[in-house]
Amino acid sequence: MTGARAAGAAEAVDTTEAAARHLPLVLRNRRFAAVWGAQVLTQAAGRMFQVGAVWWLIGYAAGPDRGLASGAFLAVSTLPAVALAPLVAALIARRPHRTVLAAAAAVAGLVALGTACWTYTATPPMAVMYGAALLLAGCQAVFDPCLTTSVPELVQDADIEAATGFELATQSLAGLAGGLLGPLVVDGAGLPGIVAGCAGAYLLAAALVGATRFPGTPAAPGTPAAPGVDGPATADVPSPAARRPLRRILAGLPFIRRVLLCFAAANVFTTAVFVVMPLYTRTVLHADGSTVAALEAALGAGTLVGSFTGGRLPGSPTAVGAGCLGLMAAALGLPGLAVGQAPAVGAMAVAGWCVGVIGVRFVALFQRLVPAEDRPGFFAVMQALLGATFPVSSLAFGLLGDHLPARTLCLVQAVGVLPVAAALWWTGRREPAPATTPATSTDTTATATATATATATAQPNGAVR
């Protein structure tokens with residue numbers, strides 16, 4: 001009898017565990033759920049602050065120099081992700097991840113809280129807002145990669161892929177929500193309201209991380225992953241002796257080198273949308289923050305759709321990429337030819353879809369063509385190269401926005417992208433890419449990169465992550 005009861009109890013436990021495995025990861029892993037909640041809060045707050053502050057500059061504060069002021073603000077917001085990358089990598093490698101995450105969120109919260117107190121007492125100088133943007137972007141540049149590195153500490157080996165996909169998908173959704181709320185909060189509660197909301201989100205994120213116990217990293221950096229485990233970078237990082245200098249990596253990949261140069265050139269014109277669209281809303285549509293929010297939402301939603309449908313399109317990556325760049329040029333130029341909120345929203349949705357498709361197809365291609373031992377260095381350089389174009393684009397189009405109509409800027413974007421589309425098409429004809437299988441939903445890095453490029457903080461906190 002006792003044996004039967006024990007067997008029944010064991011069977012019940014097995015049944016309960018099997019049922020639990022079918023639940024979403026955030027419902028069966030409290031540690032990961034808490035850190036995931038902190039990620040949602042920090043990324044939504046960062047994006048809300050950036051988009052809201054740009055709308056505040058253009059709509060209320062900057063006067064005739066609104067183009068340069070907003071462009072410089074976005075440029076400042078992207079610098080830390082590019083400039084601090086080596087320091088951030090060293091910090092994450094040497095310090096406990098929970099400490100780094102909690103400290104980054106807490107510092108961001110204190111910066112936002114101090115700025116909020118200032119804005120409630122008086123309108124702060126522009127330098128204060130630029131300084132706050134720089135500090136908040138620096139904290140986010142520490143928080144995001146540290147969170148990705150921390151995933152193996154928070155979940156079991158079997159859940160690493162699900163956790164990584166969850167985390168990467170959340171980037172885009174949080175950025176989309178922040179971009180949607182930013183202009184609306186500025187119109188409704190002014191600059192003090194948006195900065196105070198960001199402060200609360202950052203401090204709550206710090207509290208969530210601080211209250212979470214990190215059990216420890218399952219494997220030291222450089223330790224190979226267990227067979228069958230598709231782990232993050234910590235399980236697939238080659239030893240320093242195996243890494244090659246960037247010049248040697250790219251010297252053996254001439255096709256990829258030309259493709260990267262094409263996308264860097266395209267980014268100069270495509271990422272200008274974050275400056276051009278608020279200017280267009282204010283000076284052409286004469287609309288309020290709800291229109292900016294609608295444009296942000298259309299761009300982000302289009303990117304998400306493109307990220308999940310890009311792998312199903314037929315054709316080689318260069319043919320698909322060139323076609324998408326041509327379609328993006330048409331979409332970016334449409335608001336310059338047809339004035340109205342509906343054409344602008346439709347154009348942003350199409351442009352976002354093109355970004356999502358291009359990101360999935362080409363990052364998946366790079367994952368297959370670049371040797372495994374060179375991938376960490378290659379993708380770091382790719383992210384830095386694409387991210388470095390955002391400050392240039394923001395400053396250039398912001399300055400042009402003070403001297404040219406916003407409709408003309410839309411056409412300049414379109415004209416700038418077209419030669420890049422032709423160059424990418426010619427690159428594919430001259431040296432076709434090796435045969436690859438279409439990207440699938442398991443290419444989480446590709447999806448994340450495409451999404452980050454479009455919802456940039458670049459999300460503007462770097463063009464890619």
# chains A, B, ... in the order shown; residues from 1 in each chain; ligands from 1

$ closest_atom_pairs --of "region 299-416 of chain A" --to "region 255-266 of chain A" --cutoff "12 Å" --atoms "only C-alpha atoms" --output "CSV"
residue,atom,partner,partner_atom,distance
A:Pro317,CA,A:Val259,CA,10.3
A:Thr318,CA,A:Val259,CA,8.5
A:Gly321,CA,A:Phe263,CA,9.7
A:Ala322,CA,A:Cys262,CA,10.1
A:Cys324,CA,A:Ala266,CA,11.6
A:Leu325,CA,A:Ala266,CA,8.2
A:Gly326,CA,A:Ala266,CA,10.9
A:Met328,CA,A:Ala266,CA,10.3
A:Ala329,CA,A:Ala266,CA,9.9
A:Val355,CA,A:Phe263,CA,10.7
A:Ile358,CA,A:Phe263,CA,9.6
A:Gly359,CA,A:Phe263,CA,10.1
A:Phe362,CA,A:Val259,CA,8.9
A:Val363,CA,A:Ile256,CA,10.5
A:Leu365,CA,A:Ile256,CA,9.3
A:Phe366,CA,A:Ile256,CA,7.5
A:Gln367,CA,A:Ile256,CA,11.1
A:Arg368,CA,A:Ile256,CA,11.4
A:Leu369,CA,A:Ile256,CA,8.6
A:Val370,CA,A:Ile256,CA,8.8
A:Phe378,CA,A:Ile256,CA,10.4
A:Phe379,CA,A:Leu260,CA,11.0
A:Val381,CA,A:Leu260,CA,10.1
A:Met382,CA,A:Leu260,CA,7.4
A:Gln383,CA,A:Ala264,CA,10.2
A:Ala384,CA,A:Ala264,CA,10.2
A:Leu385,CA,A:Ala264,CA,6.8
A:Leu386,CA,A:Ala264,CA,5.4
A:Gly387,CA,A:Ala264,CA,8.7
A:Ala388,CA,A:Ala264,CA,8.7
A:Thr389,CA,A:Ala264,CA,6.7
A:Phe390,CA,A:Ala264,CA,9.6
A:Val392,CA,A:Ala265,CA,10.9
A:Ser393,CA,A:Ala265,CA,10.1
A:Gln413,CA,A:Ala266,CA,9.3
A:Ala414,CA,A:Ala266,CA,10.1
A:Val415,CA,A:Ala266,CA,10.7
A:Gly416,CA,A:Ala266,CA,7.5

$ closest_residue --among "A:Leu404, A:Met277, A:Ala112, A:Ala89" --to "Ala347 (chain A)" --atoms "only C-alpha atoms"
A:Met277

$ residues_around --residues "Ser394 (chain A)" --least-positions-apart "5" --cutoff "9 Å" --atoms "only C-alpha atoms" --output "list in words"
Leu68, Ser70, Gly71, Ala72, Phe73, Leu74, Ala75, Val268, Thr271, Ala272, Val273, Phe274, Val275, Thr389 and Leu399 of chain A

$ closest_atom_pairs --of "region 123-192 of chain A" --to "region 199-203 of chain A" --cutoff "12 Å" --atoms "only C-alpha atoms" --output "Markdown table"
| residue | atom | partner | partner_atom | distance |
| --- | --- | --- | --- | --- |
| A:Ala132 | CA | A:Ala199 | CA | 11.5 |
| A:Leu136 | CA | A:Tyr202 | CA | 9.8 |
| A:Cys139 | CA | A:Tyr202 | CA | 10.2 |
| A:Gln140 | CA | A:Tyr202 | CA | 10.2 |
| A:Phe143 | CA | A:Tyr202 | CA | 11.1 |
| A:Gly178 | CA | A:Ala201 | CA | 11.4 |
| A:Pro192 | CA | A:Ala199 | CA | 10.5 |
